[in-house]
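Engineer: Structure: coords_6.csv, CSV, C-alpha atoms and all ligand atoms.
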chain,number,residue,atom,x,y,z
Y,12,MET,CA,76.9,102.9,107.3
Y,13,SER,CA,77.7,106.3,105.9
Y,14,ALA,CA,79.1,108.9,108.1
Y,15,THR,CA,80.2,112.5,108.2
Y,16,ALA,CA,83.5,113.7,109.7
Y,17,ASN,CA,82.5,116.4,112.1
Y,18,GLY,CA,86.0,117.5,112.8
Y,19,SER,CA,85.8,117.1,116.5
Y,20,GLY,CA,87.4,113.7,116.8
Y,21,ASN,CA,84.2,111.7,116.4
Y,22,ILE,CA,82.3,110.3,113.5
Y,23,SER,CA,78.6,110.8,113.2
Y,24,GLY,CA,76.9,108.0,111.3
Y,25,THR,CA,73.9,108.9,109.0
Y,26,GLY,CA,72.1,106.7,106.7
Y,27,THR,CA,72.6,103.3,105.1
Y,28,GLY,CA,75.0,103.6,102.3
Y,29,ASN,CA,78.6,102.2,102.3
Y,30,GLY,CA,80.4,105.3,103.3
Y,31,VAL,CA,79.7,107.1,100.2
Y,32,GLY,CA,76.9,109.5,101.3
Y,33,SER,CA,78.3,112.7,102.6
Y,34,VAL,CA,81.4,113.6,100.7
Y,35,ALA,CA,81.3,115.9,97.7
Y,36,TYR,CA,83.4,114.0,95.1
Y,37,GLY,CA,84.9,115.9,92.3
Y,38,ASP,CA,87.4,118.7,91.4
Y,39,PRO,CA,86.9,121.9,93.3
Y,40,GLY,CA,87.3,124.5,90.5
Y,41,GLU,CA,89.9,124.1,87.8
Y,42,SER,CA,90.5,120.5,86.7
Y,43,VAL,CA,93.5,118.5,87.9
Y,44,ALA,CA,94.8,118.2,84.3
Y,45,ALA,CA,94.7,122.0,83.8
Y,46,ARG,CA,96.5,122.6,87.0
Y,47,LEU,CA,99.2,120.0,86.2
Y,48,GLU,CA,100.1,121.9,83.0
Y,49,LYS,CA,102.6,123.6,85.3
Y,50,LEU,CA,104.6,120.4,85.3
Y,51,ARG,CA,105.0,120.3,81.5
Y,52,ASP,CA,108.7,119.6,80.8
Y,53,ALA,CA,109.5,119.6,84.5
Y,54,ARG,CA,112.0,117.0,85.6
Y,55,VAL,CA,110.4,114.9,88.3
Y,56,VAL,CA,112.1,112.0,90.3
Y,57,VAL,CA,109.8,109.5,91.8
Y,58,THR,CA,111.5,107.1,94.3
Y,59,GLY,CA,109.4,103.9,94.5
Y,60,GLY,CA,107.9,104.9,91.2
Y,61,ALA,CA,107.5,101.3,90.1
Y,62,GLY,CA,105.2,100.4,92.9
Y,63,LEU,CA,101.4,100.6,93.0
Y,64,VAL,CA,101.0,104.3,93.9
Y,65,GLY,CA,104.2,105.3,92.2
Y,66,SER,CA,103.3,103.8,88.9
Y,67,ARG,CA,99.9,105.5,88.8
Y,68,LEU,CA,101.5,108.8,89.8
Y,69,VAL,CA,104.1,108.4,87.1
Y,70,ALA,CA,101.4,107.7,84.5
Y,71,LEU,CA,99.7,110.9,85.5
Y,72,LEU,CA,102.9,112.9,85.4
Y,73,ARG,CA,103.6,111.6,81.9
Y,74,ARG,CA,100.1,112.6,80.8
Y,75,ALA,CA,101.1,116.1,82.0
Y,76,ASP,CA,104.2,115.9,79.8
Y,77,ALA,CA,106.7,115.9,82.7
Y,78,GLU,CA,110.0,114.2,82.3
Y,79,VAL,CA,110.1,111.4,84.9
Y,80,THR,CA,112.9,109.4,86.4
Y,81,VAL,CA,112.0,106.5,88.6
Y,82,LEU,CA,114.4,105.0,91.2
Y,83,ASP,CA,113.2,101.7,92.4
Y,84,ARG,CA,114.5,98.3,93.6
Y,85,LEU,CA,111.7,96.5,91.7
Y,86,ASP,CA,111.5,93.8,94.3
Y,87,ALA,CA,108.4,94.6,96.4
Y,88,TYR,CA,106.3,91.8,94.8
Y,89,PRO,CA,107.4,88.2,94.3
Y,90,GLU,CA,106.1,87.9,90.8
Y,91,SER,CA,107.4,91.0,89.1
Y,92,ALA,CA,104.1,92.8,89.3
Y,93,HIS,CA,106.1,96.0,88.7
Y,94,THR,CA,106.4,95.2,85.0
Y,95,SER,CA,103.6,92.7,84.4
Y,96,LEU,CA,100.8,94.6,86.2
Y,97,PHE,CA,102.0,98.1,86.9
Y,98,GLY,CA,103.5,98.4,83.5
Y,99,VAL,CA,106.5,100.4,84.6
Y,100,ASP,CA,108.4,99.6,81.4
Y,101,ASP,CA,105.7,101.1,79.2
Y,102,LEU,CA,105.3,104.4,81.0
Y,103,GLY,CA,107.9,106.3,79.0
Y,104,VAL,CA,110.1,107.1,82.0
Y,105,LYS,CA,113.8,106.7,82.7
Y,106,LEU,CA,113.9,103.7,85.0
Y,107,VAL,CA,116.9,103.4,87.3
Y,108,VAL,CA,116.9,100.1,89.1
Y,109,GLY,CA,118.5,100.9,92.4
Y,110,ASP,CA,118.2,101.5,96.1
Y,111,VAL,CA,117.5,104.7,97.9
Y,112,CYS,CA,120.3,103.8,100.4
Y,113,ASP,CA,122.7,104.1,97.5
Y,114,ARG,CA,124.0,107.6,97.7
Y,115,GLU,CA,125.6,107.7,94.3
Y,116,ALA,CA,122.4,106.5,92.6
Y,117,VAL,CA,120.3,109.1,94.5
Y,118,ARG,CA,122.7,111.9,93.8
Y,119,THR,CA,122.8,111.0,90.1
Y,120,VAL,CA,119.0,111.0,89.7
Y,121,LEU,CA,118.6,114.2,91.6
Y,122,ALA,CA,121.3,116.0,89.8
Y,123,ASP,CA,119.1,118.0,87.5
Y,124,ALA,CA,115.7,117.4,89.0
Y,125,ASP,CA,113.1,120.1,89.6
Y,126,TYR,CA,110.8,118.0,91.9
Y,127,VAL,CA,111.0,114.8,93.9
Y,128,VAL,CA,108.3,112.5,95.3
Y,129,HIS,CA,109.9,110.2,97.9
Y,130,ALA,CA,107.5,107.2,97.9
Y,131,ALA,CA,110.0,104.3,98.1
Y,132,ALA,CA,109.4,102.4,101.3
Y,133,TYR,CA,109.1,98.9,102.8
Y,134,ALA,CA,105.4,99.6,102.5
Y,135,ASP,CA,103.6,97.0,104.5
Y,136,VAL,CA,102.7,97.1,108.2
Y,137,ALA,CA,103.1,93.3,108.9
Y,138,ALA,CA,106.3,93.0,106.9
Y,139,CYS,CA,107.9,95.9,108.8
Y,140,THR,CA,106.9,94.1,112.1
Y,141,ARG,CA,108.5,90.9,110.9
Y,142,ARG,CA,111.6,92.6,109.5
Y,143,PRO,CA,112.3,95.8,111.4
Y,144,ASP,CA,115.9,95.7,110.0
Y,145,ILE,CA,114.6,96.1,106.4
Y,146,ALA,CA,112.1,98.7,107.5
Y,147,PHE,CA,114.8,100.7,109.2
Y,148,ARG,CA,117.1,100.5,106.2
Y,149,ALA,CA,114.5,101.4,103.5
Y,150,ASN,CA,112.3,103.8,105.5
Y,151,VAL,CA,114.8,105.5,107.8
Y,152,GLN,CA,118.3,105.2,106.3
Y,153,GLY,CA,117.0,105.5,102.7
Y,154,THR,CA,114.9,108.5,103.6
Y,155,GLN,CA,118.0,110.1,105.2
Y,156,VAL,CA,120.0,109.7,102.0
Y,157,VAL,CA,117.2,111.1,99.8
Y,158,LEU,CA,116.7,114.1,102.1
Y,159,GLU,CA,120.4,114.9,102.4
Y,160,GLU,CA,120.9,114.7,98.7
Y,161,ALA,CA,117.8,116.7,98.0
Y,162,ALA,CA,119.0,119.4,100.5
Y,163,ALA,CA,122.2,119.7,98.5
Y,164,SER,CA,120.5,119.8,95.1
Y,165,VAL,CA,118.6,122.4,93.0
Y,166,VAL,CA,115.3,120.6,93.6
Y,167,ARG,CA,112.4,123.0,94.2
Y,168,ARG,CA,110.2,120.8,96.3
Y,169,LEU,CA,110.2,117.3,97.7
Y,170,VAL,CA,106.9,115.6,98.6
Y,171,LEU,CA,107.4,113.0,101.3
Y,172,VAL,CA,104.8,110.1,101.2
Y,173,SER,CA,103.8,109.3,104.7
Y,174,SER,CA,100.9,107.4,106.1
Y,175,ALA,CA,97.8,107.7,108.3
Y,176,ALA,CA,99.5,104.9,110.3
Y,177,VAL,CA,101.3,107.7,112.3
Y,178,TYR,CA,97.9,108.4,114.1
Y,179,GLY,CA,97.9,104.8,115.5
Y,180,ASP,CA,94.6,104.4,117.4
Y,181,GLY,CA,94.3,108.1,117.9
Y,182,ASP,CA,93.0,109.7,121.0
Y,183,PRO,CA,92.5,107.0,123.7
Y,184,SER,CA,89.7,109.0,125.3
Y,185,VAL,CA,87.5,108.8,122.1
Y,186,GLN,CA,85.4,105.7,121.8
Y,187,GLY,CA,85.2,104.0,118.4
Y,188,PRO,CA,86.4,105.2,115.0
Y,189,GLN,CA,87.9,108.6,114.9
Y,190,VAL,CA,88.6,111.5,112.6
Y,191,PHE,CA,92.3,112.1,112.4
Y,192,ARG,CA,93.4,115.7,112.2
Y,193,GLU,CA,96.9,116.6,111.0
Y,194,ASP,CA,97.8,118.5,114.2
Y,195,GLN,CA,96.7,115.9,116.7
Y,196,ARG,CA,99.0,113.9,118.9
Y,197,LEU,CA,100.7,111.1,117.0
Y,198,LEU,CA,100.8,107.6,118.7
Y,199,PRO,CA,102.1,105.1,116.2
Y,200,VAL,CA,101.5,101.4,117.1
Y,201,SER,CA,103.8,99.7,114.6
Y,202,VAL,CA,107.3,99.6,113.3
Y,203,TYR,CA,106.1,100.9,110.0
Y,204,ALA,CA,104.2,103.8,111.5
Y,205,ASN,CA,107.3,104.7,113.6
Y,206,SER,CA,109.5,104.7,110.6
Y,207,LYS,CA,107.0,107.0,108.7
Y,208,LEU,CA,106.8,109.4,111.6
Y,209,TRP,CA,110.6,109.6,111.8
Y,210,ALA,CA,110.7,110.3,108.1
Y,211,GLU,CA,108.2,113.2,108.5
Y,212,HIS,CA,110.1,114.8,111.3
Y,213,GLN,CA,113.4,114.4,109.5
Y,214,THR,CA,112.0,116.0,106.4
Y,215,ARG,CA,110.9,119.0,108.5
Y,216,LEU,CA,114.4,119.2,110.0
Y,217,LEU,CA,116.4,119.0,106.8
Y,218,LEU,CA,114.2,120.8,104.3
Y,219,GLY,CA,112.2,124.0,104.1
Y,220,GLY,CA,115.0,126.4,105.1
Y,221,PRO,CA,116.2,129.4,103.1
Y,222,ASP,CA,118.8,127.4,101.2
Y,223,THR,CA,117.0,124.0,100.9
Y,224,PRO,CA,114.1,122.8,98.8
Y,225,GLU,CA,110.5,123.2,100.0
Y,226,TYR,CA,108.8,120.2,101.2
Y,227,ALA,CA,105.2,118.9,101.7
Y,228,VAL,CA,104.2,115.8,103.6
Y,229,LEU,CA,101.2,113.7,102.6
Y,230,ARG,CA,99.6,111.2,104.9
Y,231,TYR,CA,97.9,108.6,102.7
Y,232,PHE,CA,95.0,106.7,104.2
Y,233,SER,CA,94.1,103.2,102.8
Y,234,VAL,CA,95.0,103.2,99.2
Y,235,TYR,CA,93.1,100.7,97.0
Y,236,GLY,CA,92.2,100.2,93.3
Y,237,ASP,CA,93.4,98.3,90.3
Y,238,PRO,CA,96.1,97.1,89.7
Y,239,GLN,CA,96.7,96.5,93.5
Y,240,ILE,CA,97.6,93.0,94.5
Y,241,PRO,CA,98.2,91.6,98.0
Y,242,LYS,CA,101.7,90.9,99.4
Y,243,PRO,CA,102.4,87.6,101.1
Y,244,GLY,CA,101.8,87.7,104.9
Y,245,SER,CA,100.3,91.1,104.7
Y,246,HIS,CA,97.0,92.2,106.4
Y,247,SER,CA,96.8,95.5,104.6
Y,248,TRP,CA,94.9,96.2,101.3
Y,249,MET,CA,91.6,94.6,102.1
Y,250,VAL,CA,89.9,95.3,98.8
Y,251,ALA,CA,92.5,93.3,96.9
Y,252,TRP,CA,92.7,90.5,99.6
Y,253,LEU,CA,88.9,90.1,100.0
Y,254,SER,CA,88.2,90.3,96.2
Y,255,MET,CA,90.9,87.7,95.5
Y,256,GLN,CA,89.7,85.3,98.2
Y,257,ALA,CA,86.2,85.6,96.9
Y,258,ARG,CA,87.3,85.0,93.3
Y,259,LEU,CA,89.3,81.9,94.4
Y,260,GLY,CA,86.1,80.6,96.0
Y,261,ARG,CA,87.5,80.9,99.5
Y,262,PRO,CA,85.8,82.6,102.5
Y,263,MET,CA,86.6,86.3,102.9
Y,264,ARG,CA,88.7,86.5,106.1
Y,265,LEU,CA,87.6,89.3,108.4
Y,266,ASN,CA,90.3,89.9,111.0
Y,267,GLY,CA,88.5,90.6,114.3
Y,268,GLY,CA,85.1,90.3,112.5
Y,269,GLY,CA,85.9,93.2,110.2
Y,270,VAL,CA,84.9,95.9,112.7
Y,271,GLN,CA,88.0,98.0,112.0
Y,272,VAL,CA,87.3,101.0,109.8
Y,273,ARG,CA,89.5,102.4,107.0
Y,274,ASP,CA,89.3,105.5,104.9
Y,275,LEU,CA,89.6,104.0,101.5
Y,276,VAL,CA,91.0,106.3,98.9
Y,277,HIS,CA,91.3,105.3,95.3
Y,278,VAL,CA,94.9,105.1,93.9
Y,279,GLU,CA,94.0,107.4,91.0
Y,280,ASP,CA,92.8,110.1,93.5
Y,281,VAL,CA,96.0,109.5,95.5
Y,282,ALA,CA,98.1,110.0,92.4
Y,283,ALA,CA,96.3,113.3,91.6
Y,284,ALA,CA,96.8,114.5,95.2
Y,285,THR,CA,100.5,113.7,95.1
Y,286,ALA,CA,101.1,115.4,91.7
Y,287,LEU,CA,99.3,118.5,92.9
Y,288,ALA,CA,101.3,118.6,96.1
Y,289,LEU,CA,104.4,119.3,94.0
Y,290,ILE,CA,103.0,122.6,92.6
Y,291,GLU,CA,100.3,123.9,94.9
Y,292,GLU,CA,101.8,127.0,96.5
Y,293,ARG,CA,100.1,126.7,99.8
Y,294,MET,CA,101.4,123.2,100.4
Y,295,ALA,CA,105.0,124.5,101.1
Y,296,GLY,CA,105.9,123.2,104.6
Y,297,GLU,CA,102.5,121.6,105.1
Y,298,THR,CA,101.4,118.2,106.3
Y,299,VAL,CA,98.1,117.1,104.8
Y,300,ASN,CA,95.9,114.0,104.9
Y,301,VAL,CA,95.0,112.2,101.7
Y,302,GLY,CA,91.7,110.5,102.5
Y,303,THR,CA,88.1,110.9,101.7
Y,304,GLY,CA,86.8,111.7,105.2
Y,305,VAL,CA,84.5,108.6,105.0
Y,306,PRO,CA,85.0,105.6,107.2
Y,307,THR,CA,84.2,102.1,105.8
Y,308,SER,CA,84.5,99.0,108.0
Y,309,VAL,CA,86.3,96.0,106.6
Y,310,ARG,CA,83.1,94.0,106.8
Y,311,GLU,CA,81.4,96.7,104.6
Y,312,VAL,CA,84.1,96.3,102.0
Y,313,GLY,CA,83.4,92.6,102.0
Y,314,GLU,CA,79.7,93.3,101.6
Y,315,LEU,CA,80.4,95.4,98.6
Y,316,ILE,CA,82.4,92.6,97.0
Y,317,ALA,CA,80.1,89.7,97.9
Y,318,PRO,CA,77.3,90.3,95.3
Y,319,HIS,CA,79.9,89.9,92.5
Y,320,PHE,CA,80.7,86.4,93.7
Y,321,PRO,CA,77.4,84.5,94.5
Y,322,GLU,CA,79.2,81.7,96.5
Y,323,SER,CA,81.1,84.1,98.7
Y,324,ARG,CA,81.0,83.9,102.5
Y,325,PHE,CA,82.8,85.3,105.5
Y,326,VAL,CA,85.0,83.8,108.2
Y,327,THR,CA,86.3,85.7,111.3
Y,328,THR,CA,90.0,85.5,112.0
Y,329,PRO,CA,92.1,87.0,114.9
Y,330,MET,CA,93.2,90.6,114.9
Y,331,PRO,CA,96.9,90.8,113.8
Y,332,GLU,CA,99.5,92.7,115.9
Y,333,GLY,CA,99.8,96.4,115.0
Y,334,ASP,CA,96.5,96.6,113.1
Y,335,PRO,CA,94.9,99.8,114.2
Y,336,LEU,CA,91.1,100.1,114.8
Y,337,GLY,CA,91.2,102.9,112.3
Y,338,GLY,CA,89.4,106.1,111.5
Y,339,CYS,CA,89.1,108.5,108.7
Y,340,ALA,CA,90.8,111.7,107.5
Y,341,ALA,CA,89.9,115.2,108.5
Y,342,THR,CA,89.7,116.8,105.0
Y,343,GLU,CA,89.8,120.5,105.6
Y,344,HIS,CA,93.5,120.8,104.8
Y,345,SER,CA,93.4,118.7,101.7
Y,346,ARG,CA,90.5,120.8,100.4
Y,347,GLU,CA,91.9,124.2,101.3
Y,348,LEU,CA,95.7,123.8,101.0
Y,349,LEU,CA,96.0,121.2,98.3
Y,350,ARG,CA,92.6,122.1,96.6
Y,351,TRP,CA,92.0,118.4,96.1
Y,352,GLN,CA,89.0,116.2,96.7
Y,353,PRO,CA,88.6,112.5,95.8
Y,354,ARG,CA,86.6,111.7,92.7
Y,355,ILE,CA,86.0,108.0,93.1
Y,356,ASP,CA,83.8,106.8,96.0
Y,357,VAL,CA,84.3,103.4,97.6
Y,358,ARG,CA,81.3,101.7,95.9
Y,359,ALA,CA,82.4,102.7,92.4
Y,360,GLY,CA,86.1,102.0,93.2
Y,361,VAL,CA,85.4,98.5,94.6
Y,362,GLU,CA,83.1,97.7,91.6
Y,363,ARG,CA,85.9,98.8,89.2
Y,364,TYR,CA,88.4,96.7,91.1
Y,365,VAL,CA,86.3,93.6,90.8
Y,366,ARG,CA,85.7,94.1,87.1
Y,367,TRP,CA,89.4,94.6,86.6
Y,368,LEU,CA,90.1,91.4,88.5
Y,369,SER,CA,87.6,89.5,86.4
Y,370,ALA,CA,89.3,90.8,83.2
Y,371,THR,CA,92.8,90.2,84.6
Y,372,PRO,CA,92.7,86.8,86.2
Y,373,HIS,CA,96.5,86.4,86.0
Y,374,ALA,CA,96.6,89.3,88.6
Y,375,VAL,CA,96.0,86.7,91.3
Y,376,PRO,CA,99.5,85.9,92.6
Y,377,GLY,CA,100.6,82.3,92.2
Y,378,TRP,CA,101.5,82.1,95.9
Y,379,LEU,CA,97.9,83.1,96.8
Y,380,ALA,CA,96.3,80.8,94.3
Y,381,ALA,CA,98.5,77.9,95.6
Y,382,GLY,CA,97.6,78.1,99.3
Y,383,PRO,CA,94.4,78.2,101.3
Y,384,THR,CA,95.3,81.1,103.4
Y,385,ALA,CA,98.8,82.3,102.5
B,1,LIG,N1,99.1,101.5,99.8
B,1,LIG,C1,98.7,102.1,100.9
B,1,LIG,O1,97.6,101.9,101.4
B,1,LIG,C2,99.6,103.2,101.6
B,1,LIG,C3,99.1,103.9,102.6
B,1,LIG,C4,99.8,104.9,103.3
B,1,LIG,C5,101.1,105.2,102.8
B,1,LIG,N2,101.6,104.5,101.7
B,1,LIG,C6,102.9,104.8,101.2
B,1,LIG,O2,102.9,105.0,99.9
B,1,LIG,C7,104.1,104.7,99.2
B,1,LIG,C8,103.9,103.8,98.1
B,1,LIG,O3,103.3,102.6,98.6
B,1,LIG,P1,102.6,101.5,97.6
B,1,LIG,O4,101.4,101.1,98.2
B,1,LIG,O5,102.7,101.9,96.2
B,1,LIG,O6,103.7,100.3,97.9
B,1,LIG,P2,104.5,99.4,96.9
B,1,LIG,O7,105.3,98.4,97.6
B,1,LIG,O8,103.7,99.0,95.7
B,1,LIG,O9,105.6,100.5,96.3
B,1,LIG,C9,106.8,100.9,97.0
B,1,LIG,C10,107.9,100.9,96.0
B,1,LIG,O10,109.1,101.2,96.7
B,1,LIG,C11,110.1,100.4,96.2
B,1,LIG,N3,111.2,100.3,97.2
B,1,LIG,C12,111.1,99.7,98.4
B,1,LIG,N4,112.3,99.8,99.1
B,1,LIG,C13,113.1,100.5,98.3
B,1,LIG,C14,114.4,100.9,98.4
B,1,LIG,N5,115.2,100.7,99.5
B,1,LIG,N6,115.0,101.6,97.3
B,1,LIG,C15,114.3,101.8,96.2
B,1,LIG,N7,113.0,101.4,96.0
B,1,LIG,C16,112.4,100.8,97.1
B,1,LIG,C17,109.5,99.0,96.0
B,1,LIG,O11,110.2,98.2,95.0
B,1,LIG,C18,108.1,99.5,95.4
B,1,LIG,O12,108.1,99.5,94.0
B,1,LIG,C19,105.0,104.1,100.4
B,1,LIG,O13,105.8,105.1,100.9
B,1,LIG,C20,104.0,103.7,101.4
B,1,LIG,O14,104.5,103.6,102.7
B,1,LIG,C21,100.9,103.5,101.1
Could you show the structure in this file as structure tokens?
Structural biologist:
Amino acid sequence: MSATANGSGNISGTGTGNGVGSVAYGDPGESVAARLEKLRDARVVVTGGAGLVGSRLVALLRRADAEVTVLDRLDAYPESAHTSLFGVDDLGVKLVVGDVCDREAVRTVLADADYVVHAAAYADVAACTRRPDIAFRANVQGTQVVLEEAAASVVRRLVLVSSAAVYGDGDPSVQGPQVFREDQRLLPVSVYANSKLWAEHQTRLLLGGPDTPEYAVLRYFSVYGDPQIPKPGSHSWMVAWLSMQARLGRPMRLNGGGVQVRDLVHVEDVAAATALALIEERMAGETVNVGTGVPTSVREVGELIAPHFPESRFVTTPMPEGDPLGGCAATEHSRELLRWQPRIDVRAGVERYVRWLSATPHAVPGWLAAGPTA
């Protein structure tokens, strides 16, 4: 299925591709690299900068000659993927191993910062449901500390990383996959989504005043792309999950038959959107989706992966709690306010992921290789 976002809360399917047909991929106007020249020598703090998205963002900021400080606990993955796969030690940044709940650590890193990206979070829907205490501490308490310290600092702008999870299942009166618009009613269906929505509102309360830094809020849709790896017990990140299951010769598990749709946005595109949100004038005080506007069902993702693994097959598993039916991003704001469009479509991005996985077999986590379902 390919489909177009018609901006009215529904999706119109057209054609037979895999969600790649109707979006213009590419930079509108000036290139991202040229626009990011504004960040040359700027001091940028990235909380969670050693994670998947953070590390790609940091690499991009370094290419723009920004001075980057990362504050991260380095414990989101059991096998130290932060260093072995995301390469955070080799990115030429100042790495502060610490917690965003630690006020002194936050104050110290923000002391002379020009910009902040707050991406640190307990970043998994299922994990937050299992451990709301950790979710609350990292996503609520930690965000409060970062916002308070940013408010009292000389920072020019803070970008809060939020999630499309805040939309939940969207408008209950609309049947099927939906187009999520930034100004629609928000109905989170998980602990994770609640914590992100709280962080958004709190950012608007504490920042953006005459004496406080500007802010911008980004709602990422489903981020994928190398070097993403699954987390134990997670049901997010289906490109990594399904590819690794297929590579291990196991059936690809489709929760609920794989009918849920996701707006898959490549991590490199997400990194570009996030860096641009620091400097794009019209983003001050705005909340903007970071997605492609194209819905892809989980089954379609599996079908893009399957040809790379001749023995691959599917099995249907139950829908997990808090897993939304999904939808895709309305993209007008990201095009007009952020002047950003994705460059990598899902077909190319999945192919690239599978090739990376073949070239990087040690990326398959030991806990996943060891057990049949993990
Ligand atoms: N990956 C996605 O599909 C997706 C979608 C929507 C939003 N997001 C958001 O994007 C951001 C980055 O997510 P990601 O996919 O890179 O996940 P990730 O787990 O790879 O990165 C999160 C990073 O934050 C760090 N961290 C967690 N708690 C911390 C704390 N208390 N103090 C300091 N560091 C801490 C972790 O160590 C990790 O390096 C998160 O805010 C996440 O909620 C991700």
Engineer: Collect all residues with atoms no farther than 8 Å from ligand LIG 1 (chain B), counting all atoms listed in the file, and output them as a PyMOL selection string.
Structural biologist: chain Y and resi 58-66+82-88+93+108-112+129-135+148-150+153+172-176+203+207+230-235+239+247-248
Engineer: Fewer than 2 positions away in the same chain doesn't count, so skip those; otherwise give me all residues within 10 Å of region 216-223 of chain Y, counting only C-alpha atoms, as an MDAnalysis selection string.
Structural biologist: chainID Y and resid 155 158:159 161:169 210:214 225:227 295:296
Engineer: What is the distance between CA of Leu289 (chain Y) and CA of Leu71 (chain Y), in Å to one decimal?
Structural biologist: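 Computing the Euclidean distance for CA of Leu289 (chain Y) and CA of Leu71 (chain Y) yields 12.8 Å.
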Engineer: Taking only C-alpha atoms into account, which of Y:Thr327, Y:Ser184, Y:Gln352, Y:Ser308 comes nearest Glu279 (chain Y)?
Structural biologist: Y:Gln352
Engineer: Mind giving me the straight-line distance from CA of Arg264 (chain Y) to CA of Tyr178 (chain Y) in Å, one decimal?
Structural biologist: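 Taking CA of Arg264 (chain Y) as the start and CA of Tyr178 (chain Y) as the end point, the length is 25.1 Å.
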Engineer: What gap, in Å, lies between CA of Ala44 (chain Y) and CA of Ala286 (chain Y)?
Structural biologist: 10.1 Å
Engineer: Which of these, Y:Pro224, Y:Gly360, Y:Pro262, Y:Pro372, has the shortest distance to Val127 (chain Y) once you count all atoms listed in the file?
Structural biologist: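 Closest to Val127 (chain Y) of all the choices is Y:Pro224.
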Engineer: With only C-alpha atoms as the basis for distance, which of Y:Arg67, Y:Arg118, Y:Lys105, Y:His246 is at the shortest distance from Val136 (chain Y)?
Structural biologist: Y:His246
Engineer: Of the residues Y:Val57, Y:Leu102, Y:Val228, Y:Val276, which is the one nearest to Ala124 (chain Y), using only C-alpha atoms?
Structural biologist: Y:Val57
Engineer: Taking all atoms listed in the file into account, which of Y:Ala341, Y:Ala257, Y:Trp209, Y:Lys242 comes nearest Glu90 (chain Y)?
Structural biologist: Y:Lys242
Engineer: Nearest to Val200 (chain Y): which of Y:Gly338, Y:Pro188, Y:Pro143, Y:Gly181 is it, counting all atoms listed in the file?
Structural biologist: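 That would be Y:Gly181, the residue with the smallest distance to Val200 (chain Y).
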